[in-house]
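Visitor: Pasting a structure here, questions to come.
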Protein chains: 2
Amino acid sequence: MKGRPMSGPELTINPRTRSTPFTPRVEAAGVKGYTVYNHTLLPTLFRSLEDDYRHLKLHVQLWDVACERQVEIRGPDAARLVQLMTPRDLSRASVGRCLYAPLVDEAGGMVNDPVVLKLAEDRFWLSISDSDVYLWAKGLAFGLGLDVTIEEPDVAPLAIQGPKSDDLVARVFGEAVRGIKFFRFEPLDFRGHPLIVARSGWSKQGGFEIYLDQPSLGLELWDALWDAGQDLQVGPGYPNVIERIEGGLLSYGSDITRESNPFECGLDAYCNLDRPIEFMARGALERIAETGPARRVMGLRVEAKAMPRCQQPWPVHVDGVQIGRVTSAAMSPDFGCGVALAMIDREYWTPGKRVQVMTPDKPRLATVSPLPFEQFTS
Amino acid sequence: MKGRPMSGPELTINPRTRSTPFTPRVEAAGVKGYTVYNHTLLPTLFRSLEDDYRHLKLHVQLWDVACERQVEIRGPDAARLVQLMTPRDLSRASVGRCLYAPLVDEAGGMVNDPVVLKLAEDRFWLSISDSDVYLWAKGLAFGLGLDVTIEEPDVAPLAIQGPKSDDLVARVFGEAVRGIKFFRFEPLDFRGHPLIVARSGWSKQGGFEIYLDQPSLGLELWDALWDAGQDLQVGPGYPNVIERIEGGLLSYGSDITRESNPFECGLDAYCNLDRPIEFMARGALERIAETGPARRVMGLRVEAKAMPRCQQPWPVHVDGVQIGRVTSAAMSPDFGCGVALAMIDREYWTPGKRVQVMTPDKPRLATVSPLPFEQFTS
């Protein structure tokens with residue numbers, strides 16, 4: 001995509017595609033592309049996909065991920081409701097933890113894959129991917145007559161990602177941030193206001209997510225990090241499709257859909273069928289677990305010097321028969337080949353299997369790889 | 001916006017922002033702008049907003065509104081569930097009707113405002129605006145233990161809008177279409193396949209919506225209408241923001257949100273509190289009805305020769321105090337002024353009231369108008 005002319009249709013922005021507390025700075029930083037995620041703007045391009053990728057791996061970036069909306073569930077039945085929605089055992093989780101938790105319906109379909117922040121024994125934030133979990137939770141709570149309050153508070157996460165994240169965030173929030181463990185959070189002071197700071201984020205380069213719950217502080221927060229990071233070469237960024245495919249991070253809506261179950265998405269570790277917990281997908285997941293899934297998301301290394309943009313799923317063929325489909329793809333400068341995530345039928349998901357990806361311009365040869373790719377890197 | 005350079009950030013398209021059966025033709029027609037609606041591409045610009053508006057009012061357009069997803073609810077408890085979700089009395093509706101129906105939660109908040117198609121006594125399609133009604137319905141059905149099946153079938157509506165719609169659609173579907181009454185539908189043959197054809201659509205220029213339930217027929221359907229309409233000057237289109245504001249059509253996500261109740265949105269006629277029906281918002285709506293809403297969506301005629309794009313809500317002031325906010329706005333060539341939809345506090349919603357709209361470049365004077373505007377047009 002290097003040198004690709006900026007010729008795509010523009011995104012028409014209106015109140016329905018919500019702007020964020022950081023949008024003015026994102027625009028000032030020269031945003032060239034957006035997507036819409038949870039009815040909210042999410043940047044997708046500043047310089048070029050490759051330049052933004054390289055910068056992420058070398059330096060530190062600010063990501064406006066306010067589109068990661070929080071569904072707050074609190075009250076006497078809060079823990080029960082959250083557990084009903086996920087097969088991951090949350091019963092022993094302590095306050096201050098972030099827990100990746102697939103949300104699965106009674107048929108085994110993936111509804112969302114949020115990070116759950118346990119704020120108190122009876123108060124949770126579900127930091128969601130792109131579907132209206134609020135409505136599902138509201139429907140369940142009403143139908144079951146649960147004693148919970150469900151809200152979508154005006155919280156705007158700002159991610160700081162990249163190898164210099166600790167240095168940058170420590171300058172603004174103090175040295176305490178270095179002690180925050182992976183997938184833990186702590187409230188830390190910013191200008192007299194406590195903000196939740198979590199060591200998390202949608203890249204494999206390390207970093208933090210700051211949950212801004214006071215939108216009026218948005219520009220101040222961005223500027224504080226921006227100004228403090230000048231000598232660290234801080235720059236604007238976003239969840240980079242090249243880096244996240246290399247890292248094996250699946251995107252809800254593309255790689256994970258309602259039509260897929262957690263085993264197909266490789267989320268077996270988060271399906272605690274052996275624990276005495278009550279979740280609505282139990283029956284469906286036990287049935288699927290008996291035989292195992294019929295297909296699974298795998299990595300593909302694609303023989304390519306350049307890759308078209310993956311705008312729609314691409315069929316994957318073996319001997320002219322479709323055996324799967326690619327749902328995310330990019331050219332990887334560091335791997336020196338195309339990388340893709342693909343849902344592959346069971347008979348063909350063996351690592352090393354040779355397949356054909358039916359990219360729009362021509363078929364391309366590819367090799368099935370485990371996820372994450374790193375295990376397979378020479 | 002005339003002559004505005006195409007300089008906005010592009011929309012990054014991927015499998016999560018679903019393409020439609022009509023996307024290849026939309027692209028071939030030169031689409032310049034998109035939004036994302038129900039996780040699906042929706043065109044927003046072809047030539048210019050004004051040219052597309054004029055063409056819509058004079059001729060006939062094809063709109064790719066596949067983003068109007070259908071939530072199908074069927075089974076013994078289907079009628080009960082759909083009625084629970086809306087304060088509109090659906091009990092006497094006959095099969096073959098389209099019913100605009102606000103969906104309202106137990107707190108009185110607007111969840112969506114679909115057109116409900118009654119396909120059978122026990123089978124409904126909710127043709128939704130931009131929120132995941134599927135998840136709400138699934139949560140309710142699970143929680144209440146209802147005997148229903150809920151699905152989002154792969155149905156892609158194509159709208160034909162404009163004064164020549166009857167002529168165009170009759171050429172492809174036969175003269176029977178002329179007999180379809182407003183907000184009624186009939187299955188009509190297309191190449192041996194019955195398609196639901198409804199007299200409906202999100203403009204005031206008349207027309208139809210064809211519910212394509214066989215995606216592989218998408219290009220054939222588009223081409224048949226396109227080819228048949230050459231002498232009618234058929235063109236590509238989309239729900240046009242100028243025309244729909246003039247017509248007083250509210251957009252869910254901008255003018256209507258979860259935080260608003262149906263009375264605030266002027267939907268009193270669809271709140272049948274006096275009927276013996278069971279819907280979950282009854283308690284909340286009865287409480288609101290006692291005192292009446294504290295604010296309401298009104299029209300504004302804005303004194304302007306040009307209007308900036310409304311990308312975020314604009315405050316509305318009287319004597320320097322905020323008394324409302326604009327959520328949609330455009331320059332109206334036919335009205336010769338700016339037109340806007342605004343949520344206005346009760347003390348100020350009287351037609352004729354003078355207010356100030358705080359547009360980003362400068363304040364603009366405006367006059368409160370009833371909706372639809374037509375009543376006030378000279």
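Identifiers in this document derive from the order of the structure tokens: chains are assigned A, B, ..., residues are numbered from 1 separately in each chain, and ligands are numbered from 1 in order of occurrence.
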Might you pull out every residue within 12 Å of B:Thr350, with only C-alpha atoms counted and same-chain residues fewer than 5 positions away left off, and present them as a PyMOL selection string?
Guide: chain B and resi 295-300+344-345+355+367-371
Visitor: Using DSSP on the backbone coordinates, identify the residues of stretch 57-142 of chain A assigned to strand (DSSP E); present them as a PyMOL selection string.
Guide: chain A and resi 61-64+70-74+98-100+103-104+110-112+115-120+123-127
Visitor: For the residues in that selection, give me N, CA and C atoms as a short mmCIF file (atom, residue, chain, number, x, y, z; two decimals), in the first residue's frame.
Guide:
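Output contents, as saved in part_1.cif:
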```
data_model
loop_
_atom_site.label_atom_id
_atom_site.label_comp_id
_atom_site.auth_asym_id
_atom_site.auth_seq_id
_atom_site.Cartn_x
_atom_site.Cartn_y
_atom_site.Cartn_z
N GLN A 61 3.44 5.95 20.65
CA GLN A 61 2.33 6.60 19.95
C GLN A 61 1.16 6.86 20.89
N LEU A 62 0.41 7.91 20.59
CA LEU A 62 -0.86 8.17 21.25
C LEU A 62 -1.98 7.71 20.33
N TRP A 63 -2.85 6.89 20.85
CA TRP A 63 -3.98 6.37 20.07
C TRP A 63 -5.29 6.87 20.68
N ASP A 64 -6.09 7.51 19.86
CA ASP A 64 -7.44 7.88 20.27
C ASP A 64 -8.33 6.65 20.10
N GLN A 70 -17.16 1.90 27.30
CA GLN A 70 -17.30 1.12 28.53
C GLN A 70 -18.78 0.86 28.81
N VAL A 71 -19.10 -0.41 28.99
CA VAL A 71 -20.43 -0.75 29.48
C VAL A 71 -20.27 -1.02 30.97
N GLU A 72 -20.85 -0.15 31.78
CA GLU A 72 -20.72 -0.31 33.23
C GLU A 72 -21.88 -1.13 33.75
N ILE A 73 -21.55 -2.17 34.51
CA ILE A 73 -22.57 -3.02 35.14
C ILE A 73 -22.28 -3.02 36.63
N ARG A 74 -23.23 -2.54 37.41
CA ARG A 74 -22.99 -2.46 38.86
C ARG A 74 -24.27 -2.81 39.61
N CYS A 98 -7.64 -6.52 34.78
CA CYS A 98 -8.25 -6.48 33.45
C CYS A 98 -8.33 -7.93 32.98
N LEU A 99 -9.48 -8.34 32.48
CA LEU A 99 -9.66 -9.73 32.06
C LEU A 99 -10.25 -9.77 30.65
N TYR A 100 -9.48 -10.30 29.72
CA TYR A 100 -10.03 -10.52 28.38
C TYR A 100 -11.11 -11.59 28.49
N LEU A 103 -17.59 -12.72 25.10
CA LEU A 103 -19.00 -12.77 25.45
C LEU A 103 -19.68 -13.70 24.46
N VAL A 104 -20.41 -14.67 24.97
CA VAL A 104 -20.94 -15.74 24.12
C VAL A 104 -22.41 -15.96 24.43
N MET A 110 -20.25 -15.61 19.21
CA MET A 110 -19.47 -14.53 19.83
C MET A 110 -20.22 -13.20 19.71
N VAL A 111 -20.52 -12.59 20.83
CA VAL A 111 -21.24 -11.31 20.86
C VAL A 111 -20.27 -10.14 20.89
N ASN A 112 -19.10 -10.37 21.50
CA ASN A 112 -18.11 -9.32 21.67
C ASN A 112 -16.92 -9.97 22.36
N VAL A 115 -12.32 -6.38 27.17
CA VAL A 115 -11.53 -6.50 28.38
C VAL A 115 -12.44 -6.05 29.53
N VAL A 116 -12.58 -6.91 30.51
CA VAL A 116 -13.41 -6.59 31.68
C VAL A 116 -12.51 -5.98 32.75
N LEU A 117 -12.85 -4.79 33.20
CA LEU A 117 -12.14 -4.18 34.33
C LEU A 117 -12.99 -4.38 35.58
N LYS A 118 -12.41 -5.06 36.55
CA LYS A 118 -13.13 -5.26 37.81
C LYS A 118 -12.83 -4.08 38.72
N LEU A 119 -13.79 -3.16 38.81
CA LEU A 119 -13.59 -1.92 39.58
C LEU A 119 -13.90 -2.14 41.05
N ALA A 120 -14.81 -3.03 41.34
CA ALA A 120 -15.19 -3.38 42.71
C ALA A 120 -15.88 -4.73 42.62
N ARG A 123 -18.97 -3.97 40.71
CA ARG A 123 -18.92 -2.94 39.67
C ARG A 123 -17.86 -3.30 38.63
N PHE A 124 -18.30 -3.35 37.36
CA PHE A 124 -17.43 -3.77 36.26
C PHE A 124 -17.54 -2.80 35.09
N TRP A 125 -16.45 -2.63 34.38
CA TRP A 125 -16.50 -2.00 33.06
C TRP A 125 -16.17 -3.07 32.04
N LEU A 126 -17.00 -3.16 31.00
CA LEU A 126 -16.68 -4.00 29.86
C LEU A 126 -16.19 -3.07 28.76
N SER A 127 -14.90 -3.14 28.49
CA SER A 127 -14.28 -2.26 27.49
C SER A 127 -14.40 -2.97 26.15
#
```
Visitor: For chain A, work out the contacting residues on chain B at 8 Å, counting only C-alpha atoms, and write them as a short mmCIF file (atom, residue, chain, number, x, y, z; two decimals) with C-alpha atoms, in the first residue's frame.
Guide:
```
data_model
loop_
_atom_site.label_atom_id
_atom_site.label_comp_id
_atom_site.auth_asym_id
_atom_site.auth_seq_id
_atom_site.Cartn_x
_atom_site.Cartn_y
_atom_site.Cartn_z
CA MET B 6 -12.77 16.37 -1.43
CA SER B 7 -10.26 16.73 1.34
CA GLY B 8 -11.81 14.83 4.25
CA PRO B 9 -10.14 11.74 5.68
CA GLU B 10 -10.94 8.60 3.73
CA LEU B 11 -12.95 5.73 5.15
CA THR B 12 -10.81 2.64 5.62
CA ILE B 13 -12.89 -0.25 4.33
CA ASN B 14 -12.45 -3.77 5.71
CA PRO B 15 -14.62 -6.83 6.32
CA ARG B 16 -15.94 -5.24 9.57
CA THR B 17 -17.41 -2.35 7.55
CA ARG B 18 -19.43 -4.76 5.46
CA SER B 19 -19.77 -4.25 1.75
CA VAL B 31 -19.23 7.17 -4.95
CA LYS B 32 -17.20 9.94 -3.25
CA GLY B 33 -18.33 9.50 0.35
CA TYR B 34 -19.51 6.81 2.73
CA THR B 35 -20.67 6.45 6.25
CA VAL B 36 -20.88 3.26 8.29
CA THR B 44 -23.26 9.65 1.27
CA SER B 131 -28.06 0.11 16.67
CA ASP B 132 -27.78 -3.62 17.36
CA VAL B 133 -31.45 -4.40 17.94
CA LEU B 135 -28.64 -8.13 20.63
CA TRP B 136 -31.39 -6.39 22.61
CA ALA B 137 -34.03 -8.77 21.27
CA LYS B 138 -31.83 -11.78 21.97
CA GLY B 139 -31.18 -10.63 25.53
CA LEU B 140 -34.88 -10.04 26.18
CA ALA B 141 -35.93 -13.36 24.67
CA PHE B 142 -33.34 -15.31 26.65
CA GLY B 143 -34.11 -13.54 29.88
CA LEU B 144 -37.86 -13.91 29.53
CA GLY B 145 -37.64 -17.47 28.24
CA TYR B 252 -31.30 7.74 14.92
CA GLY B 253 -27.87 8.34 16.40
CA SER B 254 -27.95 12.06 15.63
CA ARG B 309 -21.01 20.73 7.94
CA CYS B 310 -22.57 19.66 11.21
CA GLN B 311 -20.01 17.15 12.44
CA GLN B 312 -20.81 17.51 16.12
CA PRO B 313 -23.86 18.93 17.89
CA THR B 327 -28.03 17.66 15.68
CA SER B 328 -28.49 17.91 11.88
#
```
Visitor: Which residues are close to stretch 48-54 of chain A, i.e. within 10 Å by only C-alpha atoms, leaving aside same-chain residues fewer than 4 positions away? Reply as a VMD selection string.
Guide: chain A and resid 1 to 4 32 to 33 44 58 to 59 61 235 to 244 330 to 334
